[in-house]
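Worksheet: one structure, shown below.
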Amino acid sequence: MATTSPAAQPAPLSAPSTRRAVYNTIRGSLGNLVEWYDVYIYTVFATYLQANFFAAGEPNAGIYTLAIFAVTFVMRPVGSWFFGRYADRHGRRPALVFSISLMAGASLVIAVTPTAETIGAGAVVLLVLCRLVQGFATGGEYGTSATYMSEAATQGRRGFFSSFQYVTLVGGHVLAQATLLVQQAVLTDEQINAYGWRIAFFIGAVSAVVVLFLRRSMDETLQSDGTKKSGSMVELFTAYPKQLLVCFLVTLGGTIAFYTYSVNGPRIIKGVYAEDGMTGTWINFIALVLLMLMQPVGGWLSDRVGRRPLLIGFGIAGVLWTYTFLTLLPTVSSPVASFLLITGTYVVLTGYTSINAVVKAELFPSHVRALGVGLGYALANSMFGGTAPVIYEAATENDAQSAFAVYVTIAIAVSLVVYVFVLQRMRNFLDTEVVRTPEPARV
């Protein structure tokens, strides 16, 4: 396998202290939190978007609404290429600032977009365009933030610190659920349908602007030497094709499990308790809070026992449990049982989510790390993760939930093979690179 000599590589920051690692993790995490809030606010308020952006009586409105969610994933590989290249050549911090700026602008436009009743099909066109921009921004956010938080962490605690990427990723979903919960408590369903969903997107836009200024004060973790190999697709595909393929396969099972468990699962619960919306929202909210809190535990554990045992545990449990989860959850009518089912499933998911960022970051040297992590993730995420909600919706309407469960199980099994037989032979670039003096932020 061809590698670049240490002298030719831009070297990452070695966090000089736990204090600096915490400082940079908080600033990196807050931006990630806001970006993923903007992603999930769409799914949480999907029924209201469906009512406002499609004509009344449209029989396929539900599928179309989730199809728009899936279409945005088309832009994630493009965003991962653009921002990964930018971050590997110009630094992680400016890439993260640019990414959140785009997300804020798109959320603001959605918040003020006229409905189908006012401008007809133009409403859907504007919604799709904004979601494509957000997909582009999210594609850059994942790879760059995963890289940044892994590099900024202290060695020996990288699992713990990098786990906060998924703390805030899940936290974005929690905040989206909390926004709906508050609105259901103080507004009528008609008021949420009329303007409450707009408030939710406006909150995302304003929060992104606040975090934009916080991100400008983060330390930079990359000191580029200006080489053309930095952020180069040619370099990535010729020198590190195996690492890119492994990144894709590591993500494949994890991303389809994540969207199946954390997006389809809550939608199933909302459907079961449709007559009492607050019950379903509370179950989803509390379960997601617990999923968020599990992430540092998983990261901490990986620093002590290794990454592979957690991934293998997730893979085995996912293969054995997914079919039961998807077929049993829609039949359960007890709130306690529903909560226990989805929370137990989130325990399984934590084996992947808590450490996947650092596992991928360890696969690549710093001069192509943001590009490699972002592209490998985005390709698998677009093909398997983002399509899971709409495929499940179509499967449900055609009474083919069992076939969908088998599909998800096979995807997790493919990744399990990689966890067991491939990862142990991969070099850990993150812990073996040349280290330079930290570069403080220039504000």
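Chain lettering (A, B, ...) mirrors the order of the structure tokens, residue numbering begins at 1 for each chain separately, and ligand numbering begins at 1 in order of display.
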Could you pull the residues within 8 Å of A:Thr409, counting only C-alpha atoms, minus those fewer than 3 positions along the same chain, as a count of residues only?
-> 9
For A:Ser402, list every protein, DNA or RNA residue within 9 Å, evaluated using only C-alpha atoms, and leave out those in the same chain fewer than 5 positions away; present the list as number ranges by chain.
-> A: 323, 326-327, 395, 407
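Residues in contact range of A:Trp36, defined as at most 8 Å between only C-alpha atoms, with sequence neighbours fewer than 2 positions away removed, read Asn32, Leu33, Val34, Asp38, Val39, Tyr40, Thr138, Thr168, Leu169, Val170, Gly171, Gly172 and His173 of chain A.
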re atom CA of A:Val97 and atom CA of A:Phe83: distance 10.6 Å
Looking at only C-alpha atoms, which of A:Leu30, A:Val71, A:Val78, A:Ala104 is the one that sits closest to A:Gln165?
->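 So, comparing all the options, the nearest one is A:Leu30.
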As a ChimeraX atom specification, list the residues of stretch 316-420 of chain A assigned to alpha helix (DSSP H) by DSSP on the backbone atoms of this structure.
-> /A:316-328,335-353,356-361,369-380,388-397,401-420
Non-local contacts of A:Glu117 (10 Å; only C-alpha atoms; under 3 positions in same chain excluded) as a CSV table (one decimal) with N, CA and C atoms, in the first residue's frame:
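Heads up, here's the output in part_0.csv:
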chain,number,residue,atom,x,y,z
A,51,ALA,N,-48.6,18.4,4.7
A,51,ALA,CA,-49.9,19.1,4.5
A,51,ALA,C,-49.8,20.5,3.9
A,52,ASN,N,-48.6,21.1,4.0
A,52,ASN,CA,-48.4,22.4,3.5
A,52,ASN,C,-47.8,22.5,2.1
A,53,PHE,N,-47.0,21.5,1.7
A,53,PHE,CA,-46.3,21.5,0.4
A,53,PHE,C,-46.9,20.6,-0.7
A,54,PHE,N,-47.9,19.9,-0.3
A,54,PHE,CA,-48.6,19.0,-1.3
A,54,PHE,C,-50.1,19.3,-1.3
A,55,ALA,N,-50.7,19.2,-2.5
A,55,ALA,CA,-52.1,19.5,-2.6
A,55,ALA,C,-52.9,18.5,-1.7
A,56,ALA,N,-54.0,19.0,-1.2
A,56,ALA,CA,-54.9,18.2,-0.3
A,56,ALA,C,-55.4,17.0,-1.2
A,114,PRO,N,-43.5,30.2,0.9
A,114,PRO,CA,-45.0,30.1,0.8
A,114,PRO,C,-45.4,28.6,0.6
A,120,GLY,N,-48.5,27.0,-5.4
A,120,GLY,CA,-48.6,25.7,-6.1
A,120,GLY,C,-47.4,24.8,-6.0
A,121,ALA,N,-47.0,24.2,-7.2
A,121,ALA,CA,-45.8,23.3,-7.2
A,121,ALA,C,-44.5,24.0,-6.9
A,123,ALA,N,-43.8,25.7,-4.4
A,123,ALA,CA,-43.4,25.4,-3.0
A,123,ALA,C,-42.6,24.2,-2.8
Give one line per residue of stretch 126-214 of chain A that approaches stretch 108-113 of chain A to at most 8 Å, naming the two atoms of the closest pair and their distance in Å to one decimal, counting only C-alpha atoms; sort by chain then ascending residue number and deliver it as a Markdown table.
| residue | atom | partner | partner_atom | distance |
| --- | --- | --- | --- | --- |
| A:Leu126 | CA | A:Thr113 | CA | 7.2 |
| A:Leu127 | CA | A:Ile110 | CA | 6.3 |
| A:Cys130 | CA | A:Ile110 | CA | 6.8 |
| A:Trp197 | CA | A:Ala111 | CA | 7.7 |
| A:Arg198 | CA | A:Ala111 | CA | 4.5 |
| A:Ile199 | CA | A:Ala111 | CA | 6.9 |
| A:Ala200 | CA | A:Ala111 | CA | 7.8 |
| A:Phe201 | CA | A:Ala111 | CA | 5.2 |
| A:Phe202 | CA | A:Ala111 | CA | 5.6 |
| A:Gly204 | CA | A:Leu108 | CA | 7.9 |
| A:Ala205 | CA | A:Leu108 | CA | 5.3 |
Find the nearest atom pair between each residue of stretch 313-394 of chain A and stretch 239-244 of chain A for residues within 10 Å, count only C-alpha atoms, give distances in Å to one decimal, sort rows by chain and ascending number, and present the table as a Markdown table.
| residue | atom | partner | partner_atom | distance |
| --- | --- | --- | --- | --- |
| A:Lys360 | CA | A:Gln243 | CA | 8.6 |
| A:Glu362 | CA | A:Gln243 | CA | 9.6 |
| A:Leu363 | CA | A:Gln243 | CA | 5.8 |
| A:Phe364 | CA | A:Gln243 | CA | 6.8 |
| A:Pro365 | CA | A:Tyr240 | CA | 9.3 |
| A:Val368 | CA | A:Tyr240 | CA | 9.1 |
| A:Leu371 | CA | A:Leu244 | CA | 9.7 |
| A:Gly372 | CA | A:Leu244 | CA | 6.1 |
| A:Val373 | CA | A:Leu244 | CA | 7.7 |
| A:Gly374 | CA | A:Leu244 | CA | 9.8 |
| A:Leu375 | CA | A:Leu244 | CA | 8.0 |
| A:Gly376 | CA | A:Leu244 | CA | 5.6 |
| A:Tyr377 | CA | A:Leu244 | CA | 9.1 |
Do you have the atom CA of A:Pro335-atom CA of A:Ala61 distance handy?
->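 Going from atom CA of A:Pro335 over to atom CA of A:Ala61 covers 28.3 Å.
Interatomic distance, atom CA of A:Val332 against atom CA of A:Arg267: 13.6 Å.
Nearest to A:Glu235 of all the residues A:Ile391, A:Ser354, A:Ile312, A:Arg85 is A:Arg85, based on only C-alpha atoms.
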Could the residues of stretch 167-269 of chain A that have an atom at most 10 Å from stretch 416-432 of chain A be listed as CSV, each with its closest atom pair and the distance in Å to one decimal, counting only C-alpha atoms and ordered by chain and ascending residue number?
residue,atom,partner,partner_atom,distance
A:Lys242,CA,A:Met426,CA,9.2
A:Gln243,CA,A:Met426,CA,7.9
A:Val246,CA,A:Val418,CA,7.4
A:Cys247,CA,A:Val418,CA,9.8
A:Leu249,CA,A:Val418,CA,6.9
A:Val250,CA,A:Val418,CA,6.7
A:Leu252,CA,A:Leu416,CA,9.9
A:Gly253,CA,A:Leu416,CA,7.8
A:Gly254,CA,A:Leu416,CA,9.6
For N, CA, C and O atoms, I'd like the residues from the last selection saved as a PDB file, in the first residue's frame.
ATOM      1  N   LYS A 242      -8.022   1.051  -0.490  1.00  0.00           N
ATOM      2  CA  LYS A 242      -8.483   0.070   0.482  1.00  0.00           C
ATOM      3  C   LYS A 242      -9.118   0.761   1.678  1.00  0.00           C
ATOM      4  O   LYS A 242     -10.172   0.336   2.164  1.00  0.00           O
ATOM      5  N   GLN A 243      -8.487   1.838   2.160  1.00  0.00           N
ATOM      6  CA  GLN A 243      -9.036   2.577   3.296  1.00  0.00           C
ATOM      7  C   GLN A 243     -10.410   3.165   2.950  1.00  0.00           C
ATOM      8  O   GLN A 243     -11.333   3.141   3.776  1.00  0.00           O
ATOM      9  N   VAL A 246     -12.943   0.323   2.948  1.00  0.00           N
ATOM     10  CA  VAL A 246     -13.235  -0.089   4.319  1.00  0.00           C
ATOM     11  C   VAL A 246     -14.131   0.939   5.005  1.00  0.00           C
ATOM     12  O   VAL A 246     -15.089   0.581   5.712  1.00  0.00           O
ATOM     13  N   CYS A 247     -13.853   2.228   4.794  1.00  0.00           N
ATOM     14  CA  CYS A 247     -14.692   3.281   5.366  1.00  0.00           C
ATOM     15  C   CYS A 247     -16.134   3.135   4.886  1.00  0.00           C
ATOM     16  O   CYS A 247     -17.083   3.249   5.676  1.00  0.00           O
ATOM     17  N   LEU A 249     -17.626   0.362   3.789  1.00  0.00           N
ATOM     18  CA  LEU A 249     -18.232  -0.865   4.316  1.00  0.00           C
ATOM     19  C   LEU A 249     -18.485  -0.784   5.821  1.00  0.00           C
ATOM     20  O   LEU A 249     -19.456  -1.366   6.321  1.00  0.00           O
ATOM     21  N   VAL A 250     -17.617  -0.098   6.552  1.00  0.00           N
ATOM     22  CA  VAL A 250     -17.858   0.124   7.981  1.00  0.00           C
ATOM     23  C   VAL A 250     -19.150   0.919   8.167  1.00  0.00           C
ATOM     24  O   VAL A 250     -19.950   0.665   9.077  1.00  0.00           O
ATOM     25  N   LEU A 252     -21.734   1.208   5.945  1.00  0.00           N
ATOM     26  CA  LEU A 252     -22.909   0.618   5.302  1.00  0.00           C
ATOM     27  C   LEU A 252     -23.928   0.092   6.316  1.00  0.00           C
ATOM     28  O   LEU A 252     -25.076   0.536   6.362  1.00  0.00           O
ATOM     29  N   GLY A 253     -23.520  -0.855   7.132  1.00  0.00           N
ATOM     30  CA  GLY A 253     -24.446  -1.444   8.095  1.00  0.00           C
ATOM     31  C   GLY A 253     -24.846  -0.479   9.191  1.00  0.00           C
ATOM     32  O   GLY A 253     -25.994  -0.468   9.644  1.00  0.00           O
ATOM     33  N   GLY A 254     -23.892   0.359   9.619  1.00  0.00           N
ATOM     34  CA  GLY A 254     -24.180   1.304  10.692  1.00  0.00           C
ATOM     35  C   GLY A 254     -25.162   2.374  10.285  1.00  0.00           C
ATOM     36  O   GLY A 254     -26.064   2.727  11.054  1.00  0.00           O
TER      37      GLY A 254
END
Near stretch 292-301 of chain A, 6 Å: stretch 144-214 of chain A residue rows, closest pairs, only C-alpha atoms, as a tab-separated table:
residue	atom	partner	partner_atom	distance
A:Gly159	CA	A:Gly299	CA	4.3
A:Phe160	CA	A:Gly299	CA	4.0
A:Ser163	CA	A:Gly299	CA	5.3
A:Val167	CA	A:Met292	CA	4.9
A:Val170	CA	A:Met292	CA	5.5
Find, counting only C-alpha atoms, the residue in A:Ile342, A:Leu349, A:Met278, A:Ile316 that gets nearest to A:Val182.
->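 That would be A:Met278, the residue with the smallest distance to A:Val182.
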A:Ser80, A:Ser29, A:Gln50, A:Ser333 ranked by distance to A:Ile269, top pick (using only C-alpha atoms) =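 For A:Ile269, the nearest of the given residues is A:Ser333.
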Point out the residue among A:Val206, A:Leu212, A:Val74, A:Leu311 with the least atom-to-atom distance to A:Ser107, counting only C-alpha atoms.
-> A:Val206
